[in-house]
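*Asks:* Handing over structure-v8.txt, compact mmCIF, C-alpha atoms.
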```
# COMPACT_ATOMS: atom_id res chain seq x y z
CA MET A 1 77.48 105.86 103.47
CA SER A 2 79.57 103.38 105.39
CA GLY A 3 79.15 99.93 106.82
CA THR A 4 81.14 96.78 107.57
CA ILE A 5 83.28 94.94 105.06
CA MET A 6 85.15 91.66 105.49
CA ILE A 7 88.15 91.20 103.19
CA THR A 8 90.37 88.12 102.96
CA GLY A 9 94.03 88.29 102.00
CA CYS A 10 94.72 91.67 103.62
CA ASN A 11 98.40 91.26 104.41
CA ARG A 12 99.49 92.94 101.16
CA GLY A 13 98.55 94.04 97.65
CA ILE A 14 94.93 94.51 96.65
CA GLY A 15 93.49 93.29 99.95
CA LEU A 16 95.58 95.69 102.02
CA GLU A 17 94.84 98.62 99.71
CA LEU A 18 91.10 97.91 99.77
CA ALA A 19 91.17 97.74 103.57
CA SER A 20 92.92 101.11 103.59
CA GLN A 21 90.50 102.79 101.19
CA PHE A 22 87.38 101.53 102.98
CA ALA A 23 88.87 102.51 106.35
CA GLN A 24 89.54 106.03 105.07
CA ASP A 25 85.84 106.29 104.24
CA GLY A 26 84.84 105.35 107.76
CA TRP A 27 83.98 101.70 107.19
CA ARG A 28 84.51 99.03 109.79
CA VAL A 29 86.93 96.57 108.23
CA PHE A 30 87.34 92.93 109.21
CA ALA A 31 90.76 92.46 107.63
CA CYS A 32 91.60 88.76 107.40
CA CYS A 33 95.08 87.40 106.75
CA ARG A 34 96.83 84.08 107.13
CA ASP A 35 99.55 85.20 109.58
CA LEU A 36 98.97 88.30 111.70
CA LYS A 37 102.52 88.19 113.06
CA LYS A 38 103.90 88.87 109.57
CA ALA A 39 101.25 91.44 108.61
CA GLU A 40 103.19 94.52 109.66
CA ASP A 41 101.55 96.85 107.12
CA LEU A 42 98.11 95.74 108.26
CA GLN A 43 99.05 96.39 111.88
CA SER A 44 100.20 99.87 110.90
CA LEU A 45 96.87 100.45 109.18
CA GLN A 46 95.03 99.43 112.34
CA ALA A 47 97.11 101.91 114.34
CA GLU A 48 95.97 104.68 111.99
CA PHE A 49 92.36 103.50 111.69
CA PRO A 50 91.05 101.79 114.86
CA ARG A 51 87.94 100.55 112.97
CA VAL A 52 90.24 98.14 111.11
CA GLN A 53 90.14 94.81 112.92
CA PRO A 54 92.83 92.35 111.78
CA LEU A 55 91.67 88.73 111.98
CA GLN A 56 93.71 85.56 111.71
CA LEU A 57 92.30 83.40 108.93
CA ASP A 58 93.83 80.88 106.58
CA VAL A 59 90.91 80.48 104.17
CA THR A 60 91.80 76.82 103.57
CA ASP A 61 91.63 76.05 107.30
CA TYR A 62 87.91 75.36 107.61
CA ASP A 63 87.98 74.69 111.36
CA GLN A 64 89.51 78.14 111.81
CA MET A 65 86.88 79.61 109.47
CA ILE A 66 84.03 78.02 111.40
CA SER A 67 85.47 79.33 114.69
CA LEU A 68 85.64 82.83 113.25
CA GLY A 69 82.07 82.49 112.03
CA LYS A 70 80.96 81.62 115.58
CA ALA A 71 82.94 84.56 116.99
CA LEU A 72 81.21 86.94 114.58
CA HIS A 73 77.73 85.45 115.04
CA GLY A 74 75.12 88.19 114.78
CA GLU A 75 77.54 90.76 113.32
CA PRO A 76 76.12 92.26 110.11
CA ILE A 77 78.64 92.21 107.25
CA ASP A 78 77.59 94.50 104.40
CA ILE A 79 80.23 93.32 101.94
CA LEU A 80 82.04 89.99 102.00
CA LEU A 81 84.98 90.25 99.61
CA ASN A 82 86.85 87.03 98.92
CA ASN A 83 90.20 88.36 97.78
CA ALA A 84 92.65 85.73 99.06
CA GLY A 85 93.99 83.40 96.42
CA TYR A 86 96.95 81.40 95.19
CA TYR A 87 98.41 81.54 91.68
CA GLY A 88 100.40 78.34 91.80
CA PRO A 89 103.32 77.48 89.52
CA LYS A 90 103.83 79.55 86.40
CA GLY A 91 104.37 78.05 82.98
CA THR A 92 101.66 75.41 83.31
CA SER A 93 101.52 74.51 79.64
CA PHE A 94 100.33 71.19 78.25
CA GLY A 95 102.38 68.29 79.61
CA GLN A 96 103.81 70.33 82.51
CA VAL A 97 100.93 70.33 84.99
CA ASP A 98 101.61 69.49 88.65
CA ARG A 99 98.49 67.72 89.90
CA GLU A 100 99.15 68.40 93.58
CA GLU A 101 99.60 72.11 92.91
CA TRP A 102 96.42 72.08 90.86
CA ARG A 103 94.52 70.72 93.85
CA ARG A 104 96.07 73.36 96.11
CA VAL A 105 95.08 76.18 93.75
CA LEU A 106 91.51 74.87 93.43
CA GLU A 107 91.29 74.67 97.23
CA SER A 108 92.33 78.29 97.67
CA ASN A 109 90.63 79.90 94.68
CA THR A 110 87.40 77.92 94.33
CA ILE A 111 86.45 75.88 97.38
CA ALA A 112 87.56 78.40 100.04
CA PRO A 113 85.51 81.32 98.62
CA TYR A 114 82.44 79.08 98.52
CA MET A 115 83.04 78.07 102.15
CA MET A 116 83.37 81.75 103.12
CA ALA A 117 79.99 82.40 101.49
CA GLU A 118 78.43 79.50 103.35
CA THR A 119 79.98 80.45 106.69
CA PHE A 120 79.12 84.17 106.61
CA CYS A 121 75.88 84.11 104.63
CA ASP A 122 73.73 84.96 107.67
CA ASN A 123 75.99 87.92 108.51
CA VAL A 124 75.60 89.31 105.00
CA ALA A 125 71.84 88.72 104.97
CA ALA A 126 71.55 90.71 108.21
CA SER A 127 73.26 93.77 106.70
CA GLU A 128 72.10 96.75 104.67
CA TYR A 129 74.26 96.27 101.52
CA LYS A 130 73.94 92.46 101.29
CA LEU A 131 76.82 91.89 98.90
CA MET A 132 79.29 89.08 98.28
CA ALA A 133 82.09 89.58 95.78
CA MET A 134 84.71 87.12 94.54
CA MET A 135 88.05 88.24 93.15
CA SER A 136 88.20 86.32 89.92
CA SER A 137 90.39 86.94 86.86
CA LYS A 138 89.85 87.61 83.19
CA VAL A 139 91.91 84.49 82.44
CA GLY A 140 88.98 82.51 83.86
CA SER A 141 86.75 83.71 81.03
CA ILE A 142 86.22 80.85 78.57
CA ALA A 143 85.13 83.29 75.86
CA ASP A 144 88.33 85.31 76.30
CA ASN A 145 90.75 82.37 76.18
CA ARG A 146 92.66 82.76 72.91
CA SER A 147 96.14 81.71 74.04
CA GLY A 148 95.59 78.36 75.79
CA GLY A 149 97.82 77.08 78.59
CA GLY A 150 97.56 78.27 82.19
CA TYR A 151 95.50 75.20 83.04
CA ILE A 152 95.79 75.46 86.82
CA TYR A 153 94.99 79.11 87.50
CA ARG A 154 92.56 79.46 84.59
CA SER A 155 90.46 76.50 85.67
CA SER A 156 90.31 77.65 89.30
CA LYS A 157 88.90 81.03 88.30
CA THR A 158 86.50 79.55 85.73
CA ALA A 159 85.18 77.26 88.47
CA LEU A 160 84.92 80.24 90.84
CA ASN A 161 82.81 82.07 88.27
CA GLN A 162 80.40 79.13 88.22
CA VAL A 163 80.22 79.32 92.02
CA VAL A 164 79.34 83.02 91.72
CA LYS A 165 76.57 82.30 89.23
CA SER A 166 75.02 79.58 91.38
CA LEU A 167 75.26 81.69 94.54
CA SER A 168 73.57 84.59 92.76
CA ILE A 169 70.59 82.32 92.10
CA ASP A 170 70.53 80.49 95.43
CA LEU A 171 70.87 83.64 97.59
CA LYS A 172 68.55 85.92 95.61
CA GLU A 173 65.60 85.21 97.91
CA ARG A 174 67.68 86.49 100.82
CA GLY A 175 68.38 89.72 98.96
CA ILE A 176 72.10 88.99 98.54
CA ALA A 177 73.90 90.08 95.38
CA VAL A 178 76.96 88.09 94.26
CA LEU A 179 79.58 89.37 91.81
CA ALA A 180 82.79 88.16 90.17
CA LEU A 181 85.48 90.83 89.73
CA HIS A 182 88.63 91.16 87.63
CA PRO A 183 91.08 93.58 89.28
CA GLY A 184 93.13 94.21 86.12
CA TRP A 185 96.80 93.42 85.69
CA VAL A 186 98.00 94.93 88.96
CA GLN A 187 101.49 95.72 90.25
CA THR A 188 101.47 93.27 93.15
CA ALA A 189 103.57 90.26 94.16
CA MET A 190 101.33 88.15 91.89
CA GLY A 191 101.07 90.62 89.00
CA GLY A 192 104.73 91.62 89.02
CA PRO A 193 106.39 95.02 88.49
CA GLY A 194 105.60 95.05 84.77
CA ALA A 195 101.82 95.09 85.36
CA LEU A 196 99.74 97.89 83.86
CA ILE A 197 98.13 99.52 86.90
CA SER A 198 98.91 100.12 90.56
CA ALA A 199 97.04 98.54 93.44
CA ALA A 200 95.65 101.97 94.32
CA GLN A 201 94.25 102.47 90.81
CA SER A 202 92.66 99.02 90.75
CA THR A 203 91.13 99.21 94.21
CA LYS A 204 89.71 102.70 93.74
CA ALA A 205 87.78 101.42 90.72
CA LEU A 206 86.80 98.15 92.43
CA LYS A 207 85.51 100.06 95.44
CA LYS A 208 83.21 102.06 93.17
CA ILE A 209 81.73 98.81 91.82
CA LEU A 210 81.30 97.34 95.29
CA VAL A 211 79.47 100.27 96.85
CA GLY A 212 77.24 100.64 93.80
CA ALA A 213 76.27 96.99 93.40
CA ASP A 214 72.71 95.71 93.78
CA LEU A 215 70.62 92.68 92.84
CA GLY A 216 70.38 93.94 89.28
CA LYS A 217 74.11 93.34 88.89
CA SER A 218 74.15 90.02 90.68
CA GLY A 219 75.44 86.99 88.81
CA HIS A 220 77.70 89.00 86.49
CA PHE A 221 81.45 89.26 85.91
CA TYR A 222 82.93 92.77 85.94
CA ASN A 223 86.25 94.26 84.97
CA TYR A 224 87.65 96.80 87.41
CA ASP A 225 86.60 99.59 85.05
CA GLY A 226 82.96 98.55 85.36
CA SER A 227 82.64 96.86 81.95
CA GLU A 228 81.19 93.36 81.87
CA ILE A 229 83.38 90.36 80.99
CA PRO A 230 81.83 87.37 79.18
CA TRP A 231 81.84 84.08 81.05
```
Write the structure described by the file as structure tokens, please.
*Replies:*
Amino acid sequence: MSGTIMITGCNRGIGLELASQFAQDGWRVFACCRDLKKAEDLQSLQAEFPRVQPLQLDVTDYDQMISLGKALHGEPIDILLNNAGYYGPKGTSFGQVDREEWRRVLESNTIAPYMMAETFCDNVAASEYKLMAMMSSKVGSIADNRSGGGYIYRSSKTALNQVVKSLSIDLKERGIAVLALHPGWVQTAMGGPGALISAAQSTKALKKILVGADLGKSGHFYNYDGSEIPW
């Protein structure tokens, strides 16, 4: 089966690879990125797969998001995948936290995905799959935190997980499932060259979770391999 998926952060890495894999399976892909002029790989993907539609979207620009929502009014979106995010400064140990960067990370990783859900909720409700997924991270799991530190990025993903849980409850009556996903430690610009798996390996597994999700899995946090991660 195929449908329509909207993915944020498609200029590179996991977002670009997911757009490619869904396009290869015949899906219509709304591929959002912050700067289309610099998204050369995405443009090449569109040339190969005309059902890929690159869209200009900075997820922290809410006026731009609202305008895109109006442009796509009435368009069913089977899967809304909030992939765009910002890691922020590394080495954020106790006593070394930049408050302004913390606010920027929270804006990108927590508030923006919620606003995407709010803006495109009607589109998802009008679709067949009815799925929203948020790209979280295992470091956002409170139960899994055994090393401390990482205050900025950790807290943004923990807060995102709470957003997922509330959305799963609030949108259940509309038949919408909402998931949090951990992509693994991936060889991307964020994960670095020493990461354990490639973007292709991660996204192939994530895609399997996405197309197999239903209301029974809503409100849960999944590793890319399908295993559940504790909150």
*Asks:* Quick one, how far is CA of Ile7 in chain A from CA of Gly216 in chain A?
*Replies:* 22.7 Å
*Asks:* Which is closest to Ala126 in chain A among A:Lys204, A:Arg51, A:Arg174, A:Lys217, if we use only C-alpha atoms?
*Replies:* A:Arg174
*Asks:* Between CA of Gly74 in chain A and CA of Gln46 in chain A, what is the distance in Å, rounded to a tenth?
*Replies:*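 It comes out at 23.0 Å.
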*Asks:* What is the CA of Lys70 in chain A-CA of Arg12 in chain A distance in Å, reported with one decimal?
*Replies:*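 Between these atoms lies a distance of 26.1 Å.
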*Asks:* Calculated over all atoms listed in the file, which of the candidates A:Pro89, A:Lys38, A:Ala112, A:Asp78 has the smallest distance to Thr8 in chain A?
*Replies:*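 Checking each candidate against Thr8 in chain A, we get A:Ala112 as the closest.
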*Asks:* When distances are computed from only C-alpha atoms, which of A:Lys90, A:Arg146, A:Lys172, A:Lys207 shows the smallest separation from Gly15 in chain A?
*Replies:* A:Lys207
*Asks:* Residues proximal to (73.5, 89.2, 106.8) were defined as those with any atom within 12 Å of that point in the file's coordinates, counting all atoms listed in the file. Which are they, as a ChimeraX atom specification?
*Replies:* /A:4-6,72-80,117-132,171,174-177
*Asks:* Looking at A:Thr110, A:Ser218, A:Thr92, A:Asn145, which one is nearest to Val163 in chain A, with distances taken over all atoms listed in the file?
*Replies:*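 Comparing A:Thr110, A:Ser218, A:Thr92, A:Asn145 against Val163 in chain A, the winner is A:Thr110.
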*Asks:* Measuring between only C-alpha atoms, which one of A:Tyr224, A:Phe94, A:Trp231, A:Tyr86 shows the shortest distance to His182 in chain A?
*Replies:* A:Tyr224
*Asks:* I need the residue nearest Ala84 in chain A from this list: A:Val211, A:Met134, A:Ile169, A:Gly140. Use all atoms listed in the file for the distance.
*Replies:*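 Between A:Val211, A:Met134, A:Ile169, A:Gly140, the residue approaching Ala84 in chain A most closely is A:Met134.
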*Asks:* Axis-aligned box over every listed atom of range 83-87 of chain A, padded by 8 Å per side: centre and edges in Å to one decimal, as AutoDock Vina command-line options?
*Replies:*
```
--center_x 94.3 --center_y 84.9 --center_z 95.4 --size_x 24.2 --size_y 23.0 --size_z 23.4
```
*Asks:* Excluding Glu100 in chain A and any residue of its chain fewer than 3 positions from it, enumerate the residues within 12 Å of it, using all atoms listed in the file, and give them as a ChimeraX atom specification.
*Replies:* /A:88-89,97,103-107,152
*Asks:* Can you pull out every residue within 7 Å of Pro54 in chain A, counting only C-alpha atoms, but drop anything in the same chain fewer than 3 positions away, and send it as a PyMOL selection string?
*Replies:* chain A and resi 30-32
